[in-house]
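Data block for structure-v5.pdb (PDB, C-alpha atoms and all ligand atoms):
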ATOM      1  CA  MET A  94       9.618 -14.776  -9.661
ATOM      2  CA  ALA A  95      11.090 -17.905  -8.196
ATOM      3  CA  LYS A  96      12.524 -21.253  -9.096
ATOM      4  CA  ILE A  97      12.088 -24.033  -6.562
ATOM      5  CA  GLU A  98      14.252 -27.112  -6.105
ATOM      6  CA  PHE A  99      13.673 -30.022  -3.740
ATOM      7  CA  ARG A 100      16.900 -32.053  -3.412
ATOM      8  CA  HIS A 101      16.427 -35.256  -1.460
ATOM      9  CA  VAL A 102      14.021 -33.441   0.831
ATOM     10  CA  SER A 103      12.535 -35.481   3.663
ATOM     11  CA  LYS A 104      10.075 -34.595   6.396
ATOM     12  CA  ARG A 105       9.282 -36.508   9.543
ATOM     13  CA  PHE A 106       6.939 -35.778  12.407
ATOM     14  CA  GLY A 107       8.357 -37.631  15.430
ATOM     15  CA  ALA A 108       8.960 -41.185  14.271
ATOM     16  CA  VAL A 109       6.702 -40.890  11.236
ATOM     17  CA  GLU A 110       8.374 -40.136   7.933
ATOM     18  CA  VAL A 111       5.790 -38.395   5.790
ATOM     19  CA  ILE A 112       8.101 -37.455   2.889
ATOM     20  CA  PRO A 113      10.997 -39.910   2.549
ATOM     21  CA  ASP A 114      13.014 -38.450  -0.334
ATOM     22  CA  MET A 115      11.635 -35.804  -2.664
ATOM     23  CA  ASP A 116      13.379 -34.508  -5.775
ATOM     24  CA  LEU A 117      11.563 -31.906  -7.806
ATOM     25  CA  VAL A 118      12.195 -28.735  -9.780
ATOM     26  CA  ILE A 119       9.492 -26.130 -10.296
ATOM     27  CA  GLU A 120      10.488 -23.587 -12.914
ATOM     28  CA  ASP A 121      10.194 -19.851 -12.647
ATOM     29  CA  GLY A 122       6.718 -18.723 -13.740
ATOM     30  CA  GLU A 123       5.317 -22.229 -13.931
ATOM     31  CA  PHE A 124       1.845 -23.288 -12.739
ATOM     32  CA  ALA A 125       2.376 -26.673 -11.069
ATOM     33  CA  ALA A 126      -0.143 -28.841  -9.239
ATOM     34  CA  LEU A 127       0.633 -31.288  -6.445
ATOM     35  CA  LEU A 128      -2.079 -33.892  -6.941
ATOM     36  CA  GLY A 129      -2.811 -36.961  -4.846
ATOM     37  CA  PRO A 130      -5.187 -38.554  -2.365
ATOM     38  CA  SER A 131      -5.749 -37.150   1.092
ATOM     39  CA  GLY A 132      -2.825 -37.739   3.462
ATOM     40  CA  CYS A 133      -0.162 -38.235   0.756
ATOM     41  CA  GLY A 134       1.919 -35.249   1.882
ATOM     42  CA  LYS A 135       0.780 -32.426  -0.414
ATOM     43  CA  SER A 136       0.180 -29.815   2.299
ATOM     44  CA  THR A 137       3.369 -30.843   4.104
ATOM     45  CA  SER A 138       5.310 -30.164   0.884
ATOM     46  CA  LEU A 139       3.543 -26.829   0.432
ATOM     47  CA  PHE A 140       4.185 -25.800   4.045
ATOM     48  CA  MET A 141       7.887 -26.480   3.521
ATOM     49  CA  LEU A 142       7.748 -24.188   0.469
ATOM     50  CA  ALA A 143       6.042 -21.562   2.604
ATOM     51  CA  GLY A 144       8.729 -21.858   5.287
ATOM     52  CA  ILE A 145       6.074 -22.951   7.805
ATOM     53  CA  TYR A 146       7.761 -26.381   8.163
ATOM     54  CA  LEU A 147      11.487 -26.960   7.838
ATOM     55  CA  PRO A 148      12.656 -30.066   5.973
ATOM     56  CA  SER A 149      14.056 -32.822   8.225
ATOM     57  CA  GLY A 150      16.693 -33.628   5.615
ATOM     58  CA  GLY A 151      17.912 -32.660   2.182
ATOM     59  CA  GLU A 152      17.878 -29.214   0.643
ATOM     60  CA  LEU A 153      15.023 -27.011  -0.399
ATOM     61  CA  LEU A 154      16.230 -24.178  -2.618
ATOM     62  CA  PHE A 155      14.407 -20.991  -3.429
ATOM     63  CA  ASP A 156      16.063 -19.270  -6.386
ATOM     64  CA  GLY A 157      19.253 -21.124  -5.527
ATOM     65  CA  HIS A 158      19.197 -20.194  -1.824
ATOM     66  CA  LEU A 159      18.410 -22.586   1.016
ATOM     67  CA  VAL A 160      14.887 -21.808   2.105
ATOM     68  CA  ASN A 161      15.775 -21.687   5.820
ATOM     69  CA  GLU A 162      18.484 -19.123   5.152
ATOM     70  CA  VAL A 163      16.193 -16.680   3.372
ATOM     71  CA  GLU A 164      14.229 -14.325   5.590
ATOM     72  CA  ALA A 165      10.506 -14.966   5.262
ATOM     73  CA  ARG A 166      10.039 -11.339   4.264
ATOM     74  CA  ASP A 167      12.570 -11.597   1.435
ATOM     75  CA  ARG A 168      11.092 -14.866   0.233
ATOM     76  CA  ASN A 169       7.801 -13.068  -0.406
ATOM     77  CA  VAL A 170       5.390 -15.980  -0.639
ATOM     78  CA  GLY A 171       1.626 -15.549  -0.922
ATOM     79  CA  ILE A 172      -0.500 -18.373   0.439
ATOM     80  CA  VAL A 173      -4.197 -19.216   0.252
ATOM     81  CA  PHE A 174      -5.717 -21.921   2.439
ATOM     82  CA  GLN A 175      -8.850 -24.000   1.965
ATOM     83  CA  SER A 176     -10.451 -22.321   4.956
ATOM     84  CA  TYR A 177      -9.714 -18.750   3.672
ATOM     85  CA  ALA A 178      -8.398 -17.859   7.162
ATOM     86  CA  LEU A 179      -9.542 -14.223   7.006
ATOM     87  CA  TYR A 180      -9.446 -12.154  10.197
ATOM     88  CA  PRO A 181     -13.116 -11.911  11.229
ATOM     89  CA  HIS A 182     -12.793  -8.687  13.235
ATOM     90  CA  MET A 183     -11.186  -6.751  10.374
ATOM     91  CA  SER A 184     -12.715  -5.204   7.282
ATOM     92  CA  VAL A 185     -11.895  -6.668   3.885
ATOM     93  CA  ARG A 186      -9.580  -3.670   3.316
ATOM     94  CA  ASP A 187      -7.625  -4.347   6.513
ATOM     95  CA  ASN A 188      -7.453  -8.071   5.747
ATOM     96  CA  ILE A 189      -5.843  -7.354   2.381
ATOM     97  CA  LEU A 190      -3.596  -4.692   3.936
ATOM     98  CA  PHE A 191      -2.385  -7.047   6.686
ATOM     99  CA  PRO A 192       0.666  -8.555   4.866
ATOM    100  CA  LEU A 193       2.024  -5.029   4.307
ATOM    101  CA  ARG A 194       1.980  -4.180   8.029
ATOM    102  CA  PHE A 195       5.696  -4.850   8.586
ATOM    103  CA  LYS A 196       6.783  -3.153   5.421
ATOM    104  CA  LYS A 197       7.668   0.482   5.537
ATOM    105  CA  THR A 198       5.147   1.163   2.830
ATOM    106  CA  PRO A 199       3.656   4.685   3.047
ATOM    107  CA  ARG A 200      -0.064   4.483   3.819
ATOM    108  CA  ASP A 201      -1.133   5.954   0.448
ATOM    109  CA  GLU A 202       0.957   3.475  -1.461
ATOM    110  CA  ALA A 203      -0.268   0.591   0.711
ATOM    111  CA  LEU A 204      -3.888   1.558   0.057
ATOM    112  CA  ALA A 205      -3.184   1.815  -3.670
ATOM    113  CA  ARG A 206      -1.733  -1.699  -3.559
ATOM    114  CA  VAL A 207      -4.827  -2.948  -1.726
ATOM    115  CA  LYS A 208      -7.016  -1.351  -4.378
ATOM    116  CA  ALA A 209      -4.972  -2.931  -7.187
ATOM    117  CA  ALA A 210      -5.134  -6.400  -5.579
ATOM    118  CA  ALA A 211      -8.876  -6.009  -4.926
ATOM    119  CA  ASP A 212      -9.441  -4.926  -8.545
ATOM    120  CA  LEU A 213      -7.576  -7.990  -9.803
ATOM    121  CA  VAL A 214      -9.992 -10.376  -8.085
ATOM    122  CA  ARG A 215     -13.016  -8.069  -8.337
ATOM    123  CA  VAL A 216     -13.731  -7.370  -4.658
ATOM    124  CA  THR A 217     -13.317  -3.587  -4.868
ATOM    125  CA  GLU A 218     -16.962  -3.056  -3.912
ATOM    126  CA  LEU A 219     -16.527  -5.145  -0.758
ATOM    127  CA  LEU A 220     -13.615  -3.326   0.907
ATOM    128  CA  ASP A 221     -15.671  -1.905   3.786
ATOM    129  CA  ARG A 222     -17.412  -5.160   4.672
ATOM    130  CA  ARG A 223     -16.517  -7.808   7.243
ATOM    131  CA  PRO A 224     -15.689 -11.381   6.131
ATOM    132  CA  SER A 225     -18.900 -12.680   7.778
ATOM    133  CA  GLU A 226     -20.897 -10.539   5.350
ATOM    134  CA  LEU A 227     -19.384 -12.278   2.309
ATOM    135  CA  SER A 228     -20.195 -15.489   0.430
ATOM    136  CA  GLY A 229     -17.640 -18.310   0.335
ATOM    137  CA  GLY A 230     -16.541 -17.325  -3.157
ATOM    138  CA  GLN A 231     -16.114 -13.674  -2.168
ATOM    139  CA  GLN A 232     -14.108 -14.673   0.910
ATOM    140  CA  GLN A 233     -11.859 -16.826  -1.220
ATOM    141  CA  ARG A 234     -11.306 -13.891  -3.609
ATOM    142  CA  VAL A 235     -10.348 -11.696  -0.644
ATOM    143  CA  ALA A 236      -7.906 -14.394   0.506
ATOM    144  CA  LEU A 237      -6.401 -14.323  -2.997
ATOM    145  CA  ALA A 238      -6.124 -10.525  -2.923
ATOM    146  CA  ARG A 239      -4.389 -10.754   0.454
ATOM    147  CA  ALA A 240      -1.952 -13.326  -0.988
ATOM    148  CA  LEU A 241      -1.237 -11.086  -3.995
ATOM    149  CA  VAL A 242      -0.908  -7.685  -2.306
ATOM    150  CA  LYS A 243       2.838  -8.025  -1.730
ATOM    151  CA  LYS A 244       3.366  -9.027  -5.375
ATOM    152  CA  PRO A 245       4.687 -12.426  -4.295
ATOM    153  CA  GLN A 246       7.389 -14.337  -6.140
ATOM    154  CA  LEU A 247       5.596 -17.546  -5.314
ATOM    155  CA  LEU A 248       1.873 -18.155  -4.930
ATOM    156  CA  LEU A 249       0.860 -21.240  -2.930
ATOM    157  CA  LEU A 250      -2.727 -22.475  -3.062
ATOM    158  CA  ASP A 251      -3.774 -25.284  -0.692
ATOM    159  CA  GLU A 252      -7.092 -26.779  -1.869
ATOM    160  CA  PRO A 253      -8.386 -23.232  -2.472
ATOM    161  CA  LEU A 254     -11.616 -24.315  -4.123
ATOM    162  CA  SER A 255     -12.772 -27.285  -2.064
ATOM    163  CA  ASN A 256     -15.129 -25.252   0.139
ATOM    164  CA  LEU A 257     -16.913 -23.682  -2.820
ATOM    165  CA  ASP A 258     -20.010 -25.008  -4.556
ATOM    166  CA  ALA A 259     -19.650 -26.708  -7.932
ATOM    167  CA  SER A 260     -20.458 -23.792 -10.245
ATOM    168  CA  LEU A 261     -18.273 -21.372  -8.311
ATOM    169  CA  ARG A 262     -15.446 -23.887  -8.324
ATOM    170  CA  LEU A 263     -15.684 -23.971 -12.110
ATOM    171  CA  SER A 264     -15.504 -20.195 -12.544
ATOM    172  CA  MET A 265     -12.746 -19.762  -9.932
ATOM    173  CA  ARG A 266     -10.608 -22.316 -11.794
ATOM    174  CA  THR A 267     -10.710 -20.110 -14.869
ATOM    175  CA  GLU A 268     -10.125 -16.962 -12.817
ATOM    176  CA  ILE A 269      -7.082 -18.309 -11.009
ATOM    177  CA  LYS A 270      -5.659 -19.589 -14.267
ATOM    178  CA  SER A 271      -6.067 -16.211 -15.946
ATOM    179  CA  LEU A 272      -4.566 -14.460 -12.893
ATOM    180  CA  HIS A 273      -1.518 -16.666 -13.357
ATOM    181  CA  GLU A 274      -1.366 -15.760 -17.036
ATOM    182  CA  GLN A 275      -1.591 -12.041 -16.230
ATOM    183  CA  LEU A 276       0.922 -12.006 -13.379
ATOM    184  CA  GLY A 277       3.287 -14.789 -14.429
ATOM    185  CA  VAL A 278       3.920 -15.613 -10.758
ATOM    186  CA  THR A 279       5.245 -19.117 -10.025
ATOM    187  CA  THR A 280       2.178 -20.921  -8.698
ATOM    188  CA  VAL A 281       1.856 -24.210  -6.819
ATOM    189  CA  LEU A 282      -1.633 -25.605  -6.377
ATOM    190  CA  VAL A 283      -2.320 -28.441  -3.944
ATOM    191  CA  THR A 284      -5.410 -30.468  -4.776
ATOM    192  CA  HIS A 285      -6.910 -33.942  -4.512
ATOM    193  CA  ASP A 286      -9.165 -33.127  -7.491
ATOM    194  CA  GLN A 287      -7.744 -34.423 -10.768
ATOM    195  CA  ILE A 288     -10.044 -32.235 -12.890
ATOM    196  CA  GLU A 289      -8.826 -29.146 -11.038
ATOM    197  CA  ALA A 290      -5.194 -30.137 -11.549
ATOM    198  CA  THR A 291      -5.566 -31.052 -15.218
ATOM    199  CA  THR A 292      -7.557 -27.956 -16.168
ATOM    200  CA  MET A 293      -5.416 -25.436 -14.272
ATOM    201  CA  ALA A 294      -1.796 -26.588 -14.184
ATOM    202  CA  ASP A 295       0.884 -26.733 -16.873
ATOM    203  CA  ARG A 296       2.506 -29.611 -15.054
ATOM    204  CA  ILE A 297       1.206 -32.111 -12.528
ATOM    205  CA  ILE A 298       3.183 -33.766  -9.770
ATOM    206  CA  CYS A 299       1.195 -36.855  -8.880
ATOM    207  CA  MET A 300       1.960 -38.030  -5.323
ATOM    208  CA  ARG A 301       1.244 -41.212  -3.404
ATOM    209  CA  ALA A 302       2.191 -41.875   0.213
ATOM    210  CA  GLY A 303       4.857 -39.156   0.381
ATOM    211  CA  ARG A 304       6.476 -40.087  -2.916
ATOM    212  CA  ILE A 305       6.225 -38.657  -6.409
ATOM    213  CA  GLU A 306       4.605 -41.203  -8.737
ATOM    214  CA  GLN A 307       4.796 -39.170 -11.931
ATOM    215  CA  VAL A 308       5.543 -35.651 -13.136
ATOM    216  CA  GLY A 309       4.191 -34.477 -16.472
ATOM    217  CA  THR A 310       1.730 -32.395 -18.423
ATOM    218  CA  PRO A 311      -1.958 -33.265 -18.040
ATOM    219  CA  ASP A 312      -1.735 -35.080 -21.394
ATOM    220  CA  ASP A 313       1.307 -37.084 -20.255
ATOM    221  CA  LEU A 314      -0.630 -38.313 -17.250
ATOM    222  CA  TYR A 315      -3.799 -39.091 -19.199
ATOM    223  CA  LEU A 316      -2.163 -40.696 -22.202
ATOM    224  CA  ARG A 317       1.005 -42.168 -20.703
ATOM    225  CA  PRO A 318       0.376 -42.894 -17.015
ATOM    226  CA  SER A 319       3.461 -44.463 -15.452
ATOM    227  CA  SER A 320       1.512 -46.770 -13.158
ATOM    228  CA  LEU A 321      -1.926 -48.221 -12.492
ATOM    229  CA  PHE A 322      -2.150 -45.835  -9.540
ATOM    230  CA  VAL A 323      -1.756 -42.770 -11.786
ATOM    231  CA  ALA A 324      -4.114 -44.215 -14.410
ATOM    232  CA  GLY A 325      -6.744 -44.905 -11.756
ATOM    233  CA  PHE A 326      -6.341 -41.596 -10.013
ATOM    234  CA  ILE A 327      -6.352 -39.453 -13.150
ATOM    235  CA  GLY A 328      -9.129 -41.375 -14.898
ATOM    236  CA  SER A 329      -9.995 -40.645 -18.514
ATOM    237  CA  PRO A 330      -9.881 -37.224 -20.214
ATOM    238  CA  PRO A 331     -12.982 -35.055 -19.556
TER     239      PRO A 331
HETATM  240  P1  LIG A 401      -2.375 -34.009   2.267
HETATM  241  O1  LIG A 401      -2.250 -32.528   2.243
HETATM  242  O2  LIG A 401      -1.852 -34.672   1.026
HETATM  243  O3  LIG A 401      -3.757 -34.466   2.578
HETATM  244  P2  LIG A 401      -0.651 -33.810   4.603
HETATM  245  O4  LIG A 401       0.620 -33.279   4.050
HETATM  246  O5  LIG A 401      -1.551 -32.879   5.302
HETATM  247  O6  LIG A 401      -1.440 -34.571   3.432
HETATM  248  O7  LIG A 401      -0.331 -34.991   5.596
HETATM  249  C1  LIG A 401       0.520 -36.066   5.256
HETATM  250  C2  LIG A 401       0.704 -36.956   6.469
HETATM  251  O8  LIG A 401       1.447 -36.232   7.450
HETATM  252  C3  LIG A 401      -0.600 -37.377   7.124
HETATM  253  O9  LIG A 401      -0.465 -38.700   7.546
HETATM  254  C4  LIG A 401      -0.701 -36.429   8.298
HETATM  255  O10 LIG A 401      -1.407 -37.026   9.356
HETATM  256  C5  LIG A 401       0.751 -36.189   8.671
HETATM  257  N1  LIG A 401       0.980 -34.856   9.256
HETATM  258  C6  LIG A 401       0.802 -33.664   8.636
HETATM  259  N2  LIG A 401       1.105 -32.630   9.448
HETATM  260  C7  LIG A 401       1.476 -33.185  10.622
HETATM  261  C8  LIG A 401       1.918 -32.647  11.891
HETATM  262  N3  LIG A 401       2.043 -31.332  12.084
HETATM  263  N4  LIG A 401       2.210 -33.530  12.868
HETATM  264  C9  LIG A 401       2.093 -34.863  12.666
HETATM  265  N5  LIG A 401       1.703 -35.434  11.518
HETATM  266  C10 LIG A 401       1.389 -34.613  10.511
HETATM  267 MG    MG A 402      -3.739 -31.083   2.587
END
Hey, can you dump this file as structure tokens for me?
Ligand code: ADP
Ligand code: MG
Amino acid sequence: MAKIEFRHVSKRFGAVEVIPDMDLVIEDGEFAALLGPSGCGKSTSLFMLAGIYLPSGGELLFDGHLVNEVEARDRNVGIVFQSYALYPHMSVRDNILFPLRFKKTPRDEALARVKAAADLVRVTELLDRRPSELSGGQQQRVALARALVKKPQLLLLDEPLSNLDASLRLSMRTEIKSLHEQLGVTTVLVTHDQIEATTMADRIICMRAGRIEQVGTPDDLYLRPSSLFVAGFIGSPP
């Protein structure tokens, strides 16, 4: 499992500074949510955690090591995107197997891992199908299995539920939360949906325009919002 530290992390794209100065610690095993309106820098922060973007300044530490000095393979991060991003020409089995392709995992063991990951998210019956033959919810489960197959130290979820219909979104919230409880993997959820953040995460990082407005438990944010922005964005308890 992994502990994450942002120390004065900044990120700019050309002349535009999207994250000016971010300080944040995410504890080992925690379920944290980055919550804020569209464009506030949530995905950018997540992509830095994934090693997809490098910080422009400051230090981003992964278990005490600078993220850019740890090989992606050793960092072992699982990531799920809003769009699922499954490979359309591959079976569900091969999609879930894909992250193991560079590992020297014997084929039998790799297939056993695929089976275990598929069992976890209940897609075992779908292993021979193609993504186009699955519903949105099933595709998102496959994306989760693919993110979990390497037994990641860090699970990153970027708006994983926003393409699902309302009832599915509700059940997937509970499923992802119980997956976290079973596996204990450090999980960072990016969402613009305050209900999603408050029902799933232990701690919420509320962001506005590239800056952290408040960090706290769902109750902290509901009962003791630090600003009108947080109060307005979080609303009242469900
Ligand atoms: P969120 O996920 O909170 O909606 P993002 O992190 O995607 O926000 O984007 C934050 C800001 O950074 C936006 O203004 C966006 O246009 C800008 N941005 C994100 N990625 C890039 C990029 N690769 N190049 C230029 N600007 C980007
Ligand atoms: Mg985003």
**Item:** Option closest in space to ligand MG 402 (chain A), from A:Leu241, A:Leu220, A:Leu159, A:Cys133 [counting only C-alpha atoms and all ligand atoms]
**Value:**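 Answer, going by the shortest atom-to-atom distance: A:Cys133.
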**Prompt:** Counting all atoms listed in the file, which of A:Leu227, A:Leu249, A:Ile288, A:Val214 gets nearest to A:Gly144?
**Reply:**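 Comparing A:Leu227, A:Leu249, A:Ile288, A:Val214 against A:Gly144, the winner is A:Leu249.
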**Asked** Between atom C9 of ligand LIG 401 (chain A) and atom CA of A:Leu142, what is the distance, to one decimal in Å?
**Response**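 Atom-to-atom, atom C9 of ligand LIG 401 (chain A) to atom CA of A:Leu142, that is 17.2 Å.
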**Item:** Which residue of A:Ile327, A:Ala95, A:Leu254, A:Val281 approaches A:Gly157 most closely, using all atoms listed in the file
**Value:** A:Ala95
**Message:** At a cut-off of 10 Å around ligand LIG 401 (chain A), and using all atoms listed in the file, what residues come up? Please write them as a PyMOL selection string.
**Reply:** chain A and resi 104-112+127-141+146+251-252+283-285+300-303
C-alpha atoms of the current selection, written as a tab-separated table (two decimals), keeping the file's coordinate frame:
chain	number	residue	atom	x	y	z
A	104	LYS	CA	10.07	-34.60	6.40
A	105	ARG	CA	9.28	-36.51	9.54
A	106	PHE	CA	6.94	-35.78	12.41
A	107	GLY	CA	8.36	-37.63	15.43
A	108	ALA	CA	8.96	-41.18	14.27
A	109	VAL	CA	6.70	-40.89	11.24
A	110	GLU	CA	8.37	-40.14	7.93
A	111	VAL	CA	5.79	-38.40	5.79
A	112	ILE	CA	8.10	-37.46	2.89
A	127	LEU	CA	0.63	-31.29	-6.44
A	128	LEU	CA	-2.08	-33.89	-6.94
A	129	GLY	CA	-2.81	-36.96	-4.85
A	130	PRO	CA	-5.19	-38.55	-2.37
A	131	SER	CA	-5.75	-37.15	1.09
A	132	GLY	CA	-2.82	-37.74	3.46
A	133	CYS	CA	-0.16	-38.24	0.76
A	134	GLY	CA	1.92	-35.25	1.88
A	135	LYS	CA	0.78	-32.43	-0.41
A	136	SER	CA	0.18	-29.82	2.30
A	137	THR	CA	3.37	-30.84	4.10
A	138	SER	CA	5.31	-30.16	0.88
A	139	LEU	CA	3.54	-26.83	0.43
A	140	PHE	CA	4.18	-25.80	4.04
A	141	MET	CA	7.89	-26.48	3.52
A	146	TYR	CA	7.76	-26.38	8.16
A	251	ASP	CA	-3.77	-25.28	-0.69
A	252	GLU	CA	-7.09	-26.78	-1.87
A	283	VAL	CA	-2.32	-28.44	-3.94
A	284	THR	CA	-5.41	-30.47	-4.78
A	285	HIS	CA	-6.91	-33.94	-4.51
A	300	MET	CA	1.96	-38.03	-5.32
A	301	ARG	CA	1.24	-41.21	-3.40
A	302	ALA	CA	2.19	-41.88	0.21
A	303	GLY	CA	4.86	-39.16	0.38
